[in-house]
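Enquirer: target-v7.cif is reproduced in full below (mmCIF, C-alpha atoms).
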data_work
#
loop_
_atom_site.label_atom_id
_atom_site.label_comp_id
_atom_site.auth_asym_id
_atom_site.auth_seq_id
_atom_site.Cartn_x
_atom_site.Cartn_y
_atom_site.Cartn_z
CA MET A 1186 -27.41 63.38 -75.25
CA LYS A 1187 -28.03 59.91 -73.83
CA MET A 1188 -29.17 61.42 -70.58
CA LYS A 1189 -31.80 63.45 -72.42
CA ASN A 1190 -33.18 60.41 -74.22
CA GLN A 1191 -33.30 58.24 -71.11
CA PRO A 1192 -36.50 59.74 -69.60
CA SER A 1193 -38.25 59.39 -72.97
CA LYS A 1194 -37.25 55.71 -73.21
CA ASN A 1195 -38.43 55.07 -69.67
CA GLN A 1196 -41.74 56.77 -70.42
CA ASP A 1197 -42.18 54.65 -73.55
CA LYS A 1198 -41.51 51.46 -71.59
CA ALA A 1199 -43.94 52.54 -68.87
CA ALA A 1200 -46.57 53.32 -71.52
CA VAL A 1201 -46.11 49.88 -73.08
CA ARG A 1202 -46.40 48.14 -69.71
CA LYS A 1203 -49.50 50.16 -68.92
CA THR A 1204 -51.10 49.29 -72.26
CA VAL A 1205 -50.35 45.58 -71.81
CA ARG A 1206 -51.80 45.66 -68.29
CA GLN A 1207 -54.95 47.37 -69.53
CA GLY A 1208 -55.28 44.86 -72.36
CA ILE A 1209 -54.99 41.94 -69.93
CA GLN A 1210 -57.61 43.49 -67.64
CA PHE A 1211 -60.04 43.98 -70.52
CA LEU A 1212 -59.48 40.44 -71.85
CA PHE A 1213 -60.08 39.09 -68.34
CA PHE A 1214 -63.32 41.11 -68.23
CA LEU A 1215 -64.49 39.63 -71.55
CA LEU A 1216 -63.49 36.11 -70.55
CA LEU A 1217 -65.35 36.40 -67.26
CA MET A 1218 -68.43 37.72 -69.06
CA LEU A 1219 -68.36 34.88 -71.62
CA LEU A 1220 -67.87 32.20 -68.96
CA THR A 1221 -70.71 33.64 -66.89
CA TYR A 1222 -73.20 33.67 -69.71
CA TYR A 1223 -72.03 30.31 -71.05
CA THR A 1224 -72.94 28.87 -67.65
CA VAL A 1225 -76.34 30.56 -67.79
CA PHE A 1226 -77.23 29.56 -71.35
CA ARG A 1227 -75.76 26.05 -71.02
CA GLN A 1228 -78.50 25.15 -68.59
CA ASN A 1229 -81.25 27.25 -70.17
CA HIS A 1230 -82.44 27.61 -73.73
CA ALA A 1231 -81.68 31.05 -75.13
CA LYS A 1232 -84.95 30.84 -77.07
CA ASP A 1233 -86.93 30.57 -73.84
CA ILE A 1234 -85.12 33.58 -72.39
CA LEU A 1235 -85.82 35.67 -75.50
CA THR A 1236 -89.47 34.62 -75.38
CA ALA A 1237 -89.68 35.80 -71.76
CA VAL A 1238 -88.24 39.18 -72.78
CA LYS A 1239 -90.78 39.57 -75.60
CA THR A 1240 -93.71 38.76 -73.33
CA MET A 1241 -92.74 41.26 -70.63
CA HIS A 1242 -95.04 44.18 -69.95
CA PRO A 1243 -93.44 47.22 -71.65
CA LEU A 1244 -94.03 49.77 -68.88
CA PRO A 1245 -92.06 47.97 -66.12
CA LEU A 1246 -89.35 47.21 -68.68
CA LEU A 1247 -89.05 50.88 -69.63
CA LEU A 1248 -89.09 51.93 -65.97
CA SER A 1249 -86.27 49.49 -65.22
CA VAL A 1250 -84.19 51.03 -68.02
CA PHE A 1251 -84.95 54.45 -66.52
CA CYS A 1252 -83.75 53.21 -63.09
CA ALA A 1253 -80.47 51.99 -64.58
CA PHE A 1254 -79.72 55.32 -66.24
CA PHE A 1255 -80.99 57.23 -63.21
CA PHE A 1256 -78.36 55.38 -61.14
CA VAL A 1257 -75.55 56.67 -63.37
CA CYS A 1258 -76.96 60.14 -63.96
CA ALA A 1259 -77.66 60.66 -60.25
CA GLU A 1260 -73.92 60.51 -59.61
CA GLY A 1261 -73.43 63.04 -62.41
CA PHE A 1262 -75.98 65.31 -60.74
CA MET A 1263 -74.15 65.06 -57.41
CA ILE A 1264 -70.82 65.82 -59.09
CA TRP A 1265 -72.41 68.87 -60.74
CA TYR A 1266 -74.07 69.99 -57.49
CA LEU A 1267 -70.80 69.87 -55.55
CA LEU A 1268 -68.61 71.28 -58.32
CA ARG A 1269 -70.86 74.35 -58.59
CA LEU A 1270 -69.61 75.40 -55.18
CA THR A 1271 -66.25 76.22 -56.77
CA GLN A 1272 -66.78 75.87 -60.54
CA LYS A 1273 -69.69 78.10 -61.55
CA ASN A 1274 -69.61 77.29 -65.27
CA VAL A 1275 -69.70 73.51 -65.06
CA ARG A 1276 -72.48 71.93 -67.17
CA LEU A 1277 -74.87 69.26 -65.91
CA LEU A 1278 -74.74 67.22 -69.13
CA ARG A 1279 -70.94 67.15 -69.00
CA CYS A 1280 -71.13 65.88 -65.42
CA PHE A 1281 -73.41 63.08 -66.65
CA GLY A 1282 -70.54 62.24 -68.99
CA TYR A 1283 -68.10 62.09 -66.06
CA SER A 1284 -70.42 59.64 -64.33
CA PHE A 1285 -70.67 57.36 -67.38
CA THR A 1286 -66.88 57.45 -67.65
CA GLY A 1287 -66.58 56.36 -64.04
CA PHE A 1288 -69.18 53.61 -64.49
CA PHE A 1289 -67.42 52.22 -67.56
CA PHE A 1290 -63.93 52.05 -66.06
CA SER A 1291 -65.25 50.84 -62.70
CA GLY A 1292 -67.06 48.06 -64.54
CA ILE A 1293 -64.00 46.71 -66.33
CA THR A 1294 -61.41 47.03 -63.55
CA PRO A 1295 -61.09 44.89 -60.38
CA SER A 1296 -62.76 46.39 -57.29
CA ALA A 1297 -63.85 49.35 -59.48
CA THR A 1298 -60.39 50.93 -59.09
CA GLY A 1299 -60.32 52.53 -62.53
CA GLY A 1300 -63.39 54.75 -62.24
CA GLN A 1301 -62.12 57.80 -60.36
CA PRO A 1302 -58.72 58.04 -62.13
CA ALA A 1303 -60.53 58.08 -65.47
CA GLN A 1304 -62.94 60.75 -64.24
CA LEU A 1305 -60.03 62.89 -63.02
CA ILE A 1306 -58.38 62.66 -66.44
CA VAL A 1307 -61.52 63.85 -68.24
CA MET A 1308 -62.30 66.57 -65.70
CA LYS A 1309 -58.76 67.92 -65.88
CA LYS A 1310 -59.02 67.94 -69.67
CA ASP A 1311 -62.16 70.09 -69.33
CA GLY A 1312 -60.27 72.67 -67.29
CA ILE A 1313 -61.52 71.69 -63.83
CA SER A 1314 -58.78 72.06 -61.25
CA LEU A 1315 -57.39 68.80 -59.93
CA GLY A 1316 -58.05 69.90 -56.34
CA ASP A 1317 -61.73 70.65 -56.95
CA ALA A 1318 -62.21 67.47 -58.97
CA THR A 1319 -60.51 65.29 -56.35
CA LEU A 1320 -62.46 66.82 -53.48
CA THR A 1321 -65.77 66.33 -55.30
CA LEU A 1322 -65.11 62.74 -56.30
CA MET A 1323 -63.83 61.81 -52.84
CA THR A 1324 -66.98 63.25 -51.27
CA VAL A 1325 -69.24 61.33 -53.66
CA ALA A 1326 -67.27 58.10 -53.15
CA LEU A 1327 -67.27 58.39 -49.36
CA LEU A 1328 -71.02 59.02 -49.18
CA TYR A 1329 -71.60 56.18 -51.65
CA LYS A 1330 -69.79 53.71 -49.38
CA LEU A 1331 -71.31 55.21 -46.22
CA VAL A 1332 -74.88 54.78 -47.46
CA LEU A 1333 -74.19 51.23 -48.62
CA ALA A 1334 -72.66 50.36 -45.23
CA LEU A 1335 -75.66 51.86 -43.40
CA ILE A 1336 -78.12 49.93 -45.58
CA GLY A 1337 -76.19 46.72 -45.04
CA THR A 1338 -76.03 47.23 -41.28
CA GLY A 1339 -79.75 48.02 -41.18
CA LEU A 1340 -80.56 44.82 -43.08
CA LEU A 1341 -78.49 42.77 -40.65
CA LEU A 1342 -80.08 44.36 -37.57
CA PHE A 1343 -83.71 44.42 -38.67
CA TRP A 1344 -83.96 41.59 -41.24
CA GLY A 1345 -81.27 39.16 -40.13
CA LYS A 1346 -83.56 36.12 -40.23
CA GLY A 1347 -84.68 36.93 -43.76
CA LEU A 1348 -81.06 37.23 -44.90
CA THR A 1349 -80.21 33.85 -43.38
CA VAL A 1350 -83.18 32.14 -45.04
CA TYR A 1351 -82.79 33.58 -48.53
CA LEU A 1352 -79.00 33.83 -48.80
CA GLY A 1353 -78.38 30.33 -47.47
CA ASN A 1354 -74.75 29.33 -48.05
CA TYR A 1355 -73.96 32.85 -49.28
CA ILE A 1356 -74.60 34.47 -45.88
CA PRO A 1357 -70.83 34.43 -45.02
CA LEU A 1358 -70.20 36.36 -48.24
CA TYR A 1359 -72.73 38.96 -47.10
CA TYR A 1360 -70.92 39.29 -43.76
CA LEU A 1361 -67.62 39.69 -45.62
CA GLY A 1362 -69.02 42.31 -48.01
CA LEU A 1363 -70.58 44.28 -45.17
CA PHE A 1364 -67.41 44.05 -43.07
CA LEU A 1365 -65.23 45.32 -45.92
CA ASN A 1366 -67.59 48.24 -46.63
CA VAL A 1367 -67.80 49.21 -42.96
CA LEU A 1368 -64.02 48.86 -42.55
CA LEU A 1369 -63.38 51.10 -45.54
CA VAL A 1370 -65.79 53.75 -44.26
CA VAL A 1371 -64.21 53.66 -40.79
CA LEU A 1372 -60.70 54.04 -42.25
CA LEU A 1373 -61.81 56.95 -44.42
CA LEU A 1374 -63.50 58.65 -41.47
CA LEU A 1375 -60.36 58.17 -39.37
CA LEU A 1376 -58.33 59.82 -42.13
CA MET A 1377 -60.73 62.76 -41.97
CA PHE A 1378 -61.04 63.14 -38.18
CA HIS A 1379 -57.57 61.93 -37.09
CA GLY A 1380 -55.38 62.63 -40.09
CA ALA A 1381 -52.11 63.11 -38.18
CA TRP A 1382 -52.61 59.88 -36.21
CA MET A 1383 -53.49 57.91 -39.36
CA GLU A 1384 -50.47 59.32 -41.18
CA LYS A 1385 -48.20 58.06 -38.39
CA LEU A 1386 -49.92 54.66 -38.56
CA LEU A 1387 -49.42 54.47 -42.33
CA PHE A 1388 -45.73 55.35 -41.96
CA THR A 1389 -45.38 52.67 -39.23
CA MET A 1390 -47.01 50.09 -41.51
CA GLU A 1391 -44.78 51.18 -44.39
CA LYS A 1392 -41.66 50.85 -42.21
CA ALA A 1393 -42.75 47.39 -41.02
CA GLY A 1394 -43.44 46.30 -44.59
CA THR A 1395 -39.99 47.50 -45.64
CA LEU A 1396 -38.26 45.66 -42.78
CA LEU A 1397 -40.14 42.45 -43.65
CA GLY A 1398 -39.15 42.77 -47.29
CA ILE A 1399 -42.74 43.23 -48.52
CA TRP A 1400 -41.94 46.66 -49.98
CA LYS A 1401 -38.82 48.38 -51.15
CA PRO A 1402 -37.97 51.73 -49.51
CA SER A 1403 -39.78 54.46 -51.41
CA GLU A 1404 -40.08 58.18 -50.80
CA LYS A 1405 -42.78 58.25 -53.45
CA ARG A 1406 -44.94 55.93 -51.32
CA LYS A 1407 -44.50 58.20 -48.30
CA ALA A 1408 -45.44 61.20 -50.41
CA SER A 1409 -48.59 59.35 -51.52
CA PHE A 1410 -49.53 58.71 -47.88
CA ARG A 1411 -49.09 62.40 -47.08
CA ARG A 1412 -51.16 63.38 -50.14
CA ILE A 1413 -53.99 60.99 -49.28
CA THR A 1414 -54.11 62.22 -45.68
CA ALA A 1415 -54.13 65.85 -46.80
CA GLU A 1416 -56.92 65.20 -49.31
CA TYR A 1417 -59.17 63.63 -46.68
CA GLN A 1418 -58.44 66.48 -44.29
CA ASP A 1419 -59.60 68.84 -47.06
CA THR A 1420 -62.73 66.70 -47.48
CA PHE A 1421 -63.43 66.96 -43.75
CA ARG A 1422 -63.13 70.74 -43.84
CA PHE A 1423 -65.40 70.76 -46.90
CA PHE A 1424 -68.00 68.73 -44.98
CA LEU A 1425 -67.93 71.17 -42.07
CA SER A 1426 -68.32 74.16 -44.39
CA HIS A 1427 -71.30 72.72 -46.34
CA LYS A 1428 -73.26 70.57 -43.88
CA SER A 1429 -76.69 71.09 -45.45
CA LYS A 1430 -75.40 70.36 -48.94
CA ILE A 1431 -73.67 67.19 -47.73
CA LEU A 1432 -76.94 66.02 -46.16
CA PHE A 1433 -78.73 66.65 -49.45
CA VAL A 1434 -76.10 64.70 -51.40
CA THR A 1435 -76.37 61.87 -48.86
CA PHE A 1436 -80.12 61.72 -49.49
CA CYS A 1437 -79.50 61.72 -53.24
CA THR A 1438 -77.00 58.88 -52.77
CA PHE A 1439 -79.64 56.85 -50.91
CA LEU A 1440 -82.11 57.34 -53.78
CA GLN A 1441 -79.38 56.40 -56.26
CA ARG A 1442 -78.60 53.18 -54.34
CA CYS A 1443 -82.26 52.22 -54.14
CA SER A 1444 -82.87 52.73 -57.86
CA LEU A 1445 -80.95 49.55 -58.72
CA PHE A 1446 -82.70 47.59 -55.98
CA VAL A 1447 -86.14 48.69 -57.24
CA LEU A 1448 -85.13 47.70 -60.78
CA THR A 1449 -85.29 44.00 -59.91
CA TYR A 1450 -88.84 44.36 -58.57
CA LEU A 1451 -89.86 46.07 -61.80
CA ILE A 1452 -88.55 43.06 -63.73
CA TYR A 1453 -90.47 40.80 -61.35
CA ARG A 1454 -93.73 42.64 -62.02
CA GLY A 1455 -92.97 43.01 -65.71
CA MET A 1456 -92.80 39.23 -66.03
CA GLY A 1457 -96.31 39.02 -64.61
CA LEU A 1458 -95.22 37.46 -61.30
CA THR A 1459 -96.93 38.04 -57.96
CA GLY A 1460 -96.78 36.65 -54.45
CA TYR A 1461 -93.74 38.48 -53.07
CA HIS A 1462 -93.92 41.90 -51.49
CA ALA A 1463 -92.00 44.68 -53.23
CA LEU A 1464 -89.90 45.30 -50.13
CA THR A 1465 -88.76 41.66 -50.00
CA VAL A 1466 -87.52 41.69 -53.60
CA ILE A 1467 -85.83 45.07 -53.08
CA LEU A 1468 -84.05 43.93 -49.90
CA LEU A 1469 -82.87 40.72 -51.55
CA GLN A 1470 -81.30 42.66 -54.40
CA ALA A 1471 -79.70 45.03 -51.89
CA SER A 1472 -78.20 42.07 -50.02
CA ILE A 1473 -76.61 40.73 -53.21
CA TYR A 1474 -75.13 44.11 -54.03
CA ILE A 1475 -73.66 44.53 -50.56
CA ALA A 1476 -72.15 41.03 -50.63
CA VAL A 1477 -70.32 41.48 -53.96
CA ASP A 1478 -69.55 45.21 -53.98
CA MET A 1479 -66.00 44.97 -52.58
CA LEU A 1480 -64.91 41.77 -54.32
CA PRO A 1481 -61.91 42.14 -56.71
CA LEU A 1482 -63.85 41.14 -59.83
CA PRO A 1483 -64.60 43.48 -62.77
CA GLY A 1484 -68.24 44.44 -62.45
CA SER A 1485 -68.65 41.68 -59.81
CA GLN A 1486 -69.24 39.34 -62.72
CA GLY A 1487 -69.84 35.69 -62.09
CA ILE A 1488 -70.47 35.94 -58.36
CA SER A 1489 -73.41 38.36 -58.88
CA GLU A 1490 -75.08 35.90 -61.23
CA LEU A 1491 -74.39 32.92 -58.96
CA MET A 1492 -75.86 34.69 -55.94
CA TYR A 1493 -78.85 35.89 -57.94
CA HIS A 1494 -79.53 32.33 -59.11
CA THR A 1495 -79.62 31.10 -55.50
CA VAL A 1496 -81.28 34.03 -53.71
CA PHE A 1497 -84.08 34.59 -56.22
CA ALA A 1498 -84.80 30.92 -56.95
CA PRO A 1499 -87.99 30.92 -54.83
CA VAL A 1500 -89.05 34.34 -56.17
CA PHE A 1501 -88.78 33.94 -59.95
CA THR A 1502 -90.69 30.71 -60.49
CA GLY A 1503 -92.09 28.93 -63.54
CA GLY A 1504 -88.83 28.93 -65.50
CA THR A 1505 -88.38 32.72 -65.27
CA LEU A 1506 -85.25 32.72 -63.09
CA ALA A 1507 -82.61 32.63 -65.86
CA ALA A 1508 -84.51 35.15 -67.97
CA SER A 1509 -84.95 37.55 -65.05
CA MET A 1510 -81.23 37.32 -64.24
CA CYS A 1511 -80.19 38.08 -67.81
CA ILE A 1512 -82.64 40.96 -68.07
CA THR A 1513 -81.76 42.43 -64.69
CA ARG A 1514 -77.98 42.27 -65.21
CA GLY A 1515 -78.31 43.32 -68.82
CA ILE A 1516 -80.26 46.47 -67.95
CA SER A 1517 -78.56 47.38 -64.66
CA PHE A 1518 -74.94 46.71 -65.69
CA TYR A 1519 -74.28 45.96 -69.37
CA LEU A 1520 -76.58 48.61 -70.85
CA PRO A 1521 -75.00 51.52 -68.89
CA LEU A 1522 -71.58 49.94 -69.52
CA ILE A 1523 -72.15 50.05 -73.29
CA ALA A 1524 -73.45 53.61 -73.01
CA GLY A 1525 -70.36 54.52 -70.97
CA ALA A 1526 -68.10 52.99 -73.63
CA VAL A 1527 -69.83 54.98 -76.38
CA ILE A 1528 -69.49 58.22 -74.39
CA THR A 1529 -66.00 57.61 -72.99
CA LEU A 1530 -63.80 55.82 -75.52
CA PRO A 1531 -63.92 58.49 -78.27
CA THR A 1532 -62.70 61.06 -75.72
CA PHE A 1533 -59.77 58.89 -74.64
CA ALA A 1534 -58.96 57.89 -78.22
CA LYS A 1535 -58.80 61.57 -79.19
CA ARG A 1536 -56.57 62.33 -76.20
CA LYS A 1537 -54.29 59.42 -77.13
CA LYS A 1538 -53.96 60.72 -80.68
CA ILE A 1539 -53.08 64.21 -79.48
CA HIS A 1540 -50.61 63.23 -76.74
CA GLY A 1541 -49.25 60.07 -78.32
CA SER A 1542 -49.47 57.93 -75.18
CA PRO A 1543 -52.15 55.70 -73.67
CA PRO A 1544 -54.20 57.82 -71.27
CA LEU A 1545 -56.33 55.07 -69.79
CA PRO A 1546 -56.22 54.79 -66.02
CA GLN A 1547 -54.51 51.96 -64.24
#
Any chance you could give the structure as structure tokens?

Expert:
Amino acid sequence: MKMKNQPSKNQDKAAVRKTVRQGIQFLFFLLLMLLTYYTVFRQNHAKDILTAVKTMHPLPLLLSVFCAFFFVCAEGFMIWYLLRLTQKNVRLLRCFGYSFTGFFFSGITPSATGGQPAQLIVMKKDGISLGDATLTLMTVALLYKLVLALIGTGLLLFWGKGLTVYLGNYIPLYYLGLFLNVLLVVLLLLLMFHGAWMEKLLFTMEKAGTLLGIWKPSEKRKASFRRITAEYQDTFRFFLSHKSKILFVTFCTFLQRCSLFVLTYLIYRGMGLTGYHALTVILLQASIYIAVDMLPLPGSQGISELMYHTVFAPVFTGGTLAASMCITRGISFYLPLIAGAVITLPTFAKRKKIHGSPPLPQ
């Protein structure tokens, strides 16, 4: 009888640890947000920022909101487009929901690690096979990183002087962000093209880590390495079988990436400012995004605002810098995050009630 109860007790303990960990992550997210905006408002009067918002031209403001939601919904469209290759009855609106779920959990977890696990939970709940869901999300994620790495490399090759001038002391952070994105893409491509070789390398690293006492011996870890390698091999075969569709999704990913970069220029014009070319403002926002994308901070909070304050200081003049930062981050990050919470949390709360255990991803 004790043996039968033991798994249940272990599951309960694991559920408690998972809940505590999620609570700590969310509290850290809130603390980081409060500290960030305390720093902003401490040096700037909130009244002046609100006045700047009220005096903005409505059309650019509305277009910037459209860009923010386009960014999230574009991923939903790509998920729908790829899923239809194997799941004929999948609905576009439901795929928008998957995208908002991913945005919400990516925004509140370090390095955006919680997005895809949460999406897999919801997709599985909707009857989509785990294999199809994993393949689709891995394809979208790989192309997302690939496009960002290509944009970052292009900026460095063709606008290196501009980056050095505007980023100033933050240029090493840009190099780091670009390096991490390129490294990740290279590793993922190696997993796809040389899966057997990469699997051996992972096992060698695992063995070395065990001998050095970094890890404990674990068959589960080895199984995870085999699963990851197999999944990327499946992704590679999927790419070869649907080349034209992958090219289309890559183009969609590029448009999705650019929508957030254009958003900042819309805020610039909405505040009645002139003097800087649209392309300059767009490239500056792209450089900030590339620099902070891989940092282990929920939603890249704090560092995004600090970089924005430095990079856009010569662009948003006349006391508009703080207001533009609050508006840009509010529309591009916090507004979709709130929408994602409204769409996502009721689903997870319902699942928790039914299954009696916290379903939130790690």

Enquirer: Pull out every residue that the PyMOL selection byres ((chain A and resi 1452-1460) around 6) matches in the shown coordinates and put them as a list in words.

Expert: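 Written out, the selection comes to Met1241, His1242, Pro1245, Thr1449, Tyr1450, Leu1451 and Tyr1461 of chain A.
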
Enquirer: A:Phe1343, A:Tyr1351, A:Phe1446, A:Phe1262: which is nearest Leu1464 (chain A), counting all atoms listed in the file?

Expert: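 Smallest distance to Leu1464 (chain A) is found for A:Phe1446.
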
Enquirer: Pick out the closest residue to Ile1516 (chain A) from this set: A:Cys1258, A:Ile1313, A:Ile1234, A:Val1250. Count all atoms listed in the file.

Expert: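 Checking each of A:Cys1258, A:Ile1313, A:Ile1234, A:Val1250 against Ile1516 (chain A), counting all atoms listed in the file, the winner is A:Val1250.
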
Enquirer: With all atoms listed in the file as the basis for distance, which of A:Leu1445, A:Leu1432, A:Leu1333, A:Leu1348 is at the shortest distance from Leu1248 (chain A)?

Expert: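 Of all the options, A:Leu1445 lies closest to Leu1248 (chain A).
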
Enquirer: Let me make sure I understand: among A:Leu1387, A:Leu1335, A:Val1238, A:Ile1293, which one has the smallest atom-to-atom distance to Tyr1519 (chain A) if we use only C-alpha atoms?

Expert: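 Checking each of A:Leu1387, A:Leu1335, A:Val1238, A:Ile1293 against Tyr1519 (chain A), counting only C-alpha atoms, the winner is A:Ile1293.
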
Enquirer: Counting all atoms listed in the file, which residues have an atom no more than 12 Å from (-57.6, 65.5, -41.9) in the file's coordinates? Please list them as JSON, numbers by chain.

Expert: {"A": [1372, 1373, 1374, 1375, 1376, 1377, 1378, 1379, 1380, 1381, 1382, 1383, 1384, 1411, 1412, 1413, 1414, 1415, 1416, 1417, 1418, 1419, 1420, 1421, 1422, 1423, 1424, 1425]}

Enquirer: Can you measure CA of Tyr1266 (chain A) to CA of Val1434 (chain A) for me? One decimal in Å is fine.

Expert: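 Spanning CA of Tyr1266 (chain A) to CA of Val1434 (chain A) is a straight-line distance of 8.3 Å.
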